[in-house]
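**Student:** Below is one structure. I have some questions about it.
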Amino acid sequence: MLRIGDIKLHNGLILAPLAGITDSSFRKICKSFGVELVFTEMVSSEGIKRKTGRTIKYLYFNEVERPIGIQIFGSNAESMKEAARIIETDFHPDVIDINLGCPVKKVTKTGAGAALLKDLRKLEGIVKGVVSSVNIPVSAKIRLGWDKNNSIKVSKLLEDCGISFLIVHARRAKDGYNIKADWSVFERIKRNITIPLVANGDIEKPDDATYLLNEIGVDAIMIGRGAIGRPWVFGKMKDFIKHGRCSAEPTLHERIKVFLRQIELMEESIDEERTVRRIKKQISYYLKGIPETKNKTHEILTTKRLDKMVSLISGLISNTYIAGSRRLYPV
Ligand SMILES: Cc1cc2nc3c(=O)[nH]c(=O)nc-3n(C[C@H](O)[C@H](O)[C@H](O)COP(=O)(O)O)c2cc1C
């Protein structure tokens, strides 16, 4: 069992921060399948400091989502400190995570995200500043380096800065997603630090989870793309970790029911326009590998109205969805 402050992780299953995906609805759905710690997507420290509505909305979460971490990014130590203080005081998450791995140009050109892996003095100032300005655990999420692998050096530095645990996405920034994650680094990093290590990158199958947890000895695993349109992956992993076996992939009917429940949760927390956009982003993941749904997917993607969209999605299952009794998966 992994303990971080008051947080206890029995199986070591964590949902990765995913911009545009891991909103409250998705976090709740993953929670219903057994994920033990979730993260918001990365939020700009400058936006938090200025309290701009567009940024602040990413910080809200529901108590049922706990334990939850809020991830921040930025390149200015004072803004990062201020943002962390605001988050702790006004939102009370269980963890604040510092993004040190985002390779997206919009972020790195400001010196934030993975760009900080090139400037360790600045990285140190930011991380020490955040750790000293809050009382809750602070974590850091890194890639292996910018263009060369300096992950051991960075891991030790981050431990010295006082973070409570380290999340490592096992690719360099320059790799994007073009190569397979290099899981061989986890063993080496683990030997060099004493704080808990969370492995991330290409973890998709239940036996990936047991391999990394039991054979490599990482303290927890973080799943990103493997959970998009497949939040039940956490249930499968949990069963495999506990019993050495797990259920088959859900049927189309079951998948759609999960997605409808997620849509319902989206409607509770975001407006219709954003709900429609998020459905479009995720529908093809939920229907992946089911060729019979191809035509309908096209129709769903070209629809603008939420009610029409929901009825088309419901129509994909033979046991037709009945409006008004949609609470099939209580979360
Ligand atoms: C759509 C998308 C959005 C992402 N957004 C974030 C983010 O906001 N913060 C972050 O640290 N990483 C982000 N990542 C990276 C993931 O958290 C994760 O590190 C990466 O996808 C590797 O893990 P995986 O193979 O399990 O997906 C994002 C990745 C994707 C695909």
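By order in the structure tokens, chains are A, B, ...; within a chain, residues start at 1; ligands start at 1, following the order shown.
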Can I get the residues close to ligand 1 as a PyMOL selection string, where close means within 6 Å and we count only C-alpha atoms and all ligand atoms?

**Tutor:** chain A and resi 16-19+41-42+99+102+169+200-203+223-226

**Student:** Hey, can you spit out that residue selection with all heavy atoms as a CSV table (one decimal), in the first residue's frame?

**Tutor:**
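Generated output (out-v1.csv):
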```csv
chain,number,residue,atom,x,y,z
A,16,ALA,N,-4.1,9.7,-15.1
A,16,ALA,CA,-3.2,10.8,-15.5
A,16,ALA,C,-4.0,12.1,-15.8
A,16,ALA,O,-5.2,12.0,-16.2
A,16,ALA,CB,-2.5,10.3,-16.8
A,17,PRO,N,-3.3,13.2,-15.7
A,17,PRO,CA,-3.9,14.4,-16.2
A,17,PRO,C,-4.0,14.4,-17.7
A,17,PRO,O,-2.9,14.2,-18.3
A,17,PRO,CB,-3.0,15.5,-15.7
A,17,PRO,CG,-1.7,14.9,-15.3
A,17,PRO,CD,-1.9,13.4,-15.2
A,18,LEU,N,-5.1,14.7,-18.3
A,18,LEU,CA,-5.3,14.7,-19.7
A,18,LEU,C,-6.1,15.9,-20.1
A,18,LEU,O,-7.3,15.9,-19.8
A,18,LEU,CB,-6.0,13.4,-20.2
A,18,LEU,CG,-5.3,12.1,-19.9
A,18,LEU,CD1,-6.3,10.9,-20.1
A,18,LEU,CD2,-4.1,11.9,-20.8
A,19,ALA,N,-5.5,16.9,-20.7
A,19,ALA,CA,-6.2,18.1,-21.1
A,19,ALA,C,-7.3,17.8,-22.1
A,19,ALA,O,-7.2,17.0,-23.0
A,19,ALA,CB,-5.2,19.1,-21.8
A,41,GLU,N,-6.6,18.3,-15.3
A,41,GLU,CA,-5.7,18.6,-16.4
A,41,GLU,C,-4.8,19.7,-15.9
A,41,GLU,O,-5.1,20.4,-14.9
A,41,GLU,CB,-6.4,18.9,-17.7
A,41,GLU,CG,-7.2,20.2,-17.6
A,41,GLU,CD,-8.0,20.4,-18.9
A,41,GLU,OE1,-9.0,19.7,-19.2
A,41,GLU,OE2,-7.5,21.3,-19.7
A,42,MET,N,-3.7,20.0,-16.6
A,42,MET,CA,-2.8,21.1,-16.2
A,42,MET,C,-3.5,22.5,-16.3
A,42,MET,O,-4.3,22.7,-17.2
A,42,MET,CB,-1.6,21.1,-17.1
A,42,MET,CG,-1.8,21.3,-18.5
A,42,MET,SD,-0.3,21.3,-19.4
A,42,MET,CE,-0.9,21.5,-21.1
A,99,ASN,N,3.6,20.4,-13.3
A,99,ASN,CA,3.9,19.8,-14.6
A,99,ASN,C,5.3,20.2,-15.1
A,99,ASN,O,5.6,21.4,-15.3
A,99,ASN,CB,2.8,20.4,-15.6
A,99,ASN,CG,3.0,19.8,-17.0
A,99,ASN,OD1,4.1,19.7,-17.5
A,99,ASN,ND2,1.9,19.4,-17.6
A,102,CYS,N,5.2,18.7,-20.0
A,102,CYS,CA,4.4,18.9,-21.2
A,102,CYS,C,5.4,19.4,-22.3
A,102,CYS,O,6.1,20.4,-22.2
A,102,CYS,CB,3.4,20.0,-20.9
A,102,CYS,SG,2.4,20.4,-22.3
A,169,HIS,N,6.9,10.0,-16.8
A,169,HIS,CA,6.5,9.5,-18.1
A,169,HIS,C,7.7,9.2,-18.8
A,169,HIS,O,8.6,10.1,-19.1
A,169,HIS,CB,5.7,10.7,-18.8
A,169,HIS,CG,5.3,10.3,-20.2
A,169,HIS,ND1,4.8,11.3,-21.1
A,169,HIS,CD2,5.4,9.2,-20.9
A,169,HIS,CE1,4.5,10.7,-22.2
A,169,HIS,NE2,4.9,9.4,-22.2
A,200,ASN,N,4.6,5.9,-15.6
A,200,ASN,CA,3.6,6.4,-16.6
A,200,ASN,C,4.2,6.2,-18.0
A,200,ASN,O,5.4,6.4,-18.2
A,200,ASN,CB,3.2,7.8,-16.3
A,200,ASN,CG,2.4,8.4,-17.4
A,200,ASN,OD1,2.7,9.4,-18.0
A,200,ASN,ND2,1.2,7.9,-17.6
A,201,GLY,N,3.3,5.9,-18.9
A,201,GLY,CA,3.7,5.7,-20.3
A,201,GLY,C,3.4,4.4,-20.9
A,201,GLY,O,4.0,3.4,-20.5
A,202,ASP,N,2.4,4.3,-21.7
A,202,ASP,CA,2.0,3.0,-22.4
A,202,ASP,C,1.5,1.9,-21.5
A,202,ASP,O,1.6,0.7,-21.9
A,202,ASP,CB,3.2,2.5,-23.2
A,202,ASP,CG,3.5,3.4,-24.4
A,202,ASP,OD1,2.7,4.3,-24.7
A,202,ASP,OD2,4.6,3.3,-25.0
A,203,ILE,N,1.0,2.2,-20.3
A,203,ILE,CA,0.5,1.2,-19.4
A,203,ILE,C,-1.0,1.0,-19.8
A,203,ILE,O,-1.8,1.9,-19.6
A,203,ILE,CB,0.6,1.6,-18.0
A,203,ILE,CG1,2.1,2.0,-17.7
A,203,ILE,CG2,0.2,0.5,-17.0
A,203,ILE,CD1,2.3,2.6,-16.3
A,223,ILE,N,-2.3,5.9,-15.5
A,223,ILE,CA,-2.8,5.5,-16.8
A,223,ILE,C,-3.5,6.8,-17.5
A,223,ILE,O,-4.3,7.4,-16.9
A,223,ILE,CB,-3.8,4.4,-16.8
A,223,ILE,CG1,-3.1,3.1,-16.3
A,223,ILE,CG2,-4.5,4.1,-18.1
A,223,ILE,CD1,-3.0,2.8,-15.0
A,224,GLY,N,-3.1,7.0,-18.7
A,224,GLY,CA,-3.6,8.1,-19.5
A,224,GLY,C,-4.5,7.6,-20.6
A,224,GLY,O,-5.7,7.3,-20.5
A,225,ARG,N,-3.8,7.5,-21.8
A,225,ARG,CA,-4.6,7.2,-23.0
A,225,ARG,C,-5.3,5.8,-22.9
A,225,ARG,O,-6.4,5.6,-23.5
A,225,ARG,CB,-3.7,7.2,-24.2
A,225,ARG,CG,-3.2,8.6,-24.6
A,225,ARG,CD,-2.0,8.6,-25.5
A,225,ARG,NE,-0.9,7.8,-24.9
A,225,ARG,CZ,0.1,7.2,-25.5
A,225,ARG,NH1,0.1,7.4,-26.8
A,225,ARG,NH2,1.0,6.6,-24.9
A,226,GLY,N,-4.8,4.9,-22.1
A,226,GLY,CA,-5.4,3.6,-22.0
A,226,GLY,C,-6.7,3.7,-21.3
A,226,GLY,O,-7.5,2.7,-21.3
```

**Student:** Could you name the residues that touch Ile256 of chain A at 9 Å or less, counting only C-alpha atoms, but leaving out those on the same chain fewer than 4 positions away, as a list in words?

**Tutor:**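 Neighbouring residues, sequence-local ones excluded: Thr251, Leu252, Leu260, Arg261, Tyr286, Leu287, Ile313, Ser314, Leu316 and Ile317 of chain A.
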
**Student:** Using only C-alpha atoms, which protein or nucleic acid residues come within 12 Å of Cys161 of chain A? Drop anything in the same chain fewer than 2 positions from it, and give the result as a PyMOL selection string.

**Tutor:** chain A and resi 120-121+123-132+138-140+154-159+163-166+195

**Student:** Let me make sure I understand: among A:Ala173, A:Val168, A:Val185, A:Leu37, which one has the smallest atom-to-atom distance to Ala199 of chain A if we use only C-alpha atoms?

**Tutor:** A:Val168

**Student:** Smallest atom-to-atom distance to Ser25 of chain A: which of A:Ser269, A:Ser133, A:Asn149, A:Thr55, using only C-alpha atoms?

**Tutor:** A:Ser269

**Student:** Which polymer residues have any atom within 10 Å of an atom of Lys205 of chain A, counting only C-alpha atoms, with same-chain residues fewer than 3 positions away left out, as a list in words?

**Tutor:**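 Close residues of Lys205 of chain A: Asp202, Asp208, Ala209, Thr210, Ile223, Gly226, Val233, Phe234, Lys236, Met237 and Phe240 of chain A.
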
**Student:** Between atom CA of Cys30 of chain A and atom CA of Gly244 of chain A, what is the spacing in Å?

**Tutor:**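 Pair atom CA of Gly244 of chain A / atom CA of Cys30 of chain A returns 20.8 Å.
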
**Student:** Please provide as a list in words all residues within 7 Å of Ile14 of chain A, with the sequence filter that same-chain residues fewer than 6 positions apart are discarded (counting only C-alpha atoms).

**Tutor:**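 Listing them by chain and then by number gives Val35, Glu36, Leu37, Val38, Ile221, Met222 and Ile223 of chain A.
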
**Student:** Using only C-alpha atoms, which of the listed residues (A:Ile136, A:Lys153, A:Ile142, A:Ser284) sits closest to Thr89 of chain A?

**Tutor:**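 Closest residue, counting only C-alpha atoms: A:Ile136.
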
**Student:** Would you kindly return, as a list in words, each protein, DNA or RNA residue with an atom no farther than 7 Å from any atom of Thr40 of chain A, considering only C-alpha atoms and excluding same-chain residues fewer than 4 positions away?

**Tutor:** Pro17, Thr22, Asp23, Gly69, Ile70 and Gln71 of chain A

**Student:** Would you put the residues from that selection into a file with C-alpha atoms, as a PDB file, in the first residue's frame?

**Tutor:**
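Full text of part-v4.pdb as output:
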```
ATOM      1  CA  PRO A  17      -3.915  14.434 -16.165  1.00  0.00           C
ATOM      2  CA  THR A  22     -10.069  14.366 -17.372  1.00  0.00           C
ATOM      3  CA  ASP A  23     -12.855  16.699 -16.356  1.00  0.00           C
ATOM      4  CA  GLY A  69      -4.560  16.328  -7.322  1.00  0.00           C
ATOM      5  CA  ILE A  70      -4.624  19.651  -9.148  1.00  0.00           C
ATOM      6  CA  GLN A  71      -1.836  20.031 -11.678  1.00  0.00           C
TER       7      GLN A  71
END
```

**Student:** If we count only C-alpha atoms and set the cut-off at 10 Å, which residues sit around Val276 of chain A, ignoring sequence neighbours fewer than 4 positions away in its own chain? Please answer as a compact mmCIF listing (two decimals) with N, CA and C atoms, in the first residue's frame.

**Tutor:**
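Output saved as around.txt:
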```txt
# COMPACT_ATOMS: atom_id res chain seq x y z
N ILE A 263 -21.91 11.22 -20.01
CA ILE A 263 -22.55 12.40 -20.61
C ILE A 263 -23.47 13.08 -19.59
N MET A 266 -21.43 15.01 -17.38
CA MET A 266 -20.95 16.24 -18.05
C MET A 266 -22.03 17.31 -17.98
N GLU A 267 -23.27 16.90 -18.26
CA GLU A 267 -24.38 17.86 -18.28
C GLU A 267 -24.56 18.53 -16.92
N ILE A 270 -20.96 21.00 -16.94
CA ILE A 270 -20.57 21.96 -17.99
C ILE A 270 -21.76 22.26 -18.91
N ASP A 271 -21.65 23.35 -19.69
CA ASP A 271 -22.79 23.73 -20.53
C ASP A 271 -22.92 22.81 -21.75
N GLU A 272 -24.05 23.01 -22.47
CA GLU A 272 -24.39 22.11 -23.58
C GLU A 272 -23.32 22.12 -24.67
N LYS A 280 -17.94 14.59 -28.79
CA LYS A 280 -17.31 14.37 -30.10
C LYS A 280 -15.87 13.90 -29.95
N LYS A 281 -15.22 14.43 -28.95
CA LYS A 281 -13.82 14.08 -28.73
C LYS A 281 -13.66 12.63 -28.26
N ILE A 300 -23.35 11.00 -35.55
CA ILE A 300 -23.23 11.62 -34.22
C ILE A 300 -22.24 12.81 -34.28
N LEU A 301 -21.16 12.62 -35.01
CA LEU A 301 -20.13 13.67 -35.07
C LEU A 301 -20.60 14.92 -35.82
N THR A 303 -23.71 16.06 -35.68
CA THR A 303 -24.88 16.63 -34.99
C THR A 303 -24.42 17.74 -34.05
N LYS A 304 -25.26 18.77 -33.97
CA LYS A 304 -24.88 19.89 -33.08
C LYS A 304 -25.67 19.87 -31.78
N ARG A 305 -26.86 19.22 -31.85
CA ARG A 305 -27.73 19.26 -30.66
C ARG A 305 -27.46 18.09 -29.72
N LEU A 306 -27.41 18.42 -28.45
CA LEU A 306 -27.08 17.40 -27.45
C LEU A 306 -28.15 16.31 -27.37
N ASP A 307 -29.44 16.73 -27.38
CA ASP A 307 -30.50 15.71 -27.22
C ASP A 307 -30.48 14.71 -28.38
N MET A 309 -27.88 13.97 -30.19
CA MET A 309 -26.65 13.19 -30.03
C MET A 309 -26.88 12.05 -29.03
N VAL A 310 -27.48 12.38 -27.91
CA VAL A 310 -27.73 11.37 -26.88
C VAL A 310 -28.67 10.30 -27.41
```

**Student:** Check the smallest atom-to-atom distance from each of A:Gly145, A:Tyr177, A:Asp219, A:Lys288 to Glu249 of chain A using only C-alpha atoms, then report the winner.

**Tutor:**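 Closest to Glu249 of chain A, using only C-alpha atoms: A:Lys288.
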
**Student:** Can you list, as a list in words, every residue of segment 171-320 of chain A that DSSP puts in strand (DSSP E or B)?

**Tutor:**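 Matching residues for strand (DSSP E or B) in segment 171-320 of chain A are Leu197, Val198, Ala199, Asn200, Ala220, Ile221, Met222 and Ile223 of chain A.
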
**Student:** Which distance in Å separates atom CA of Pro291 of chain A and atom CA of Ile228 of chain A, to one decimal?

**Tutor:**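 That distance, rounded to one decimal, is 18.4 Å.
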
**Student:** To one decimal place in Å, what is the distance between atom CA of Arg274 of chain A and atom CA of His298 of chain A?

**Tutor:**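 Distance reported for this atom pair: 18.9 Å.
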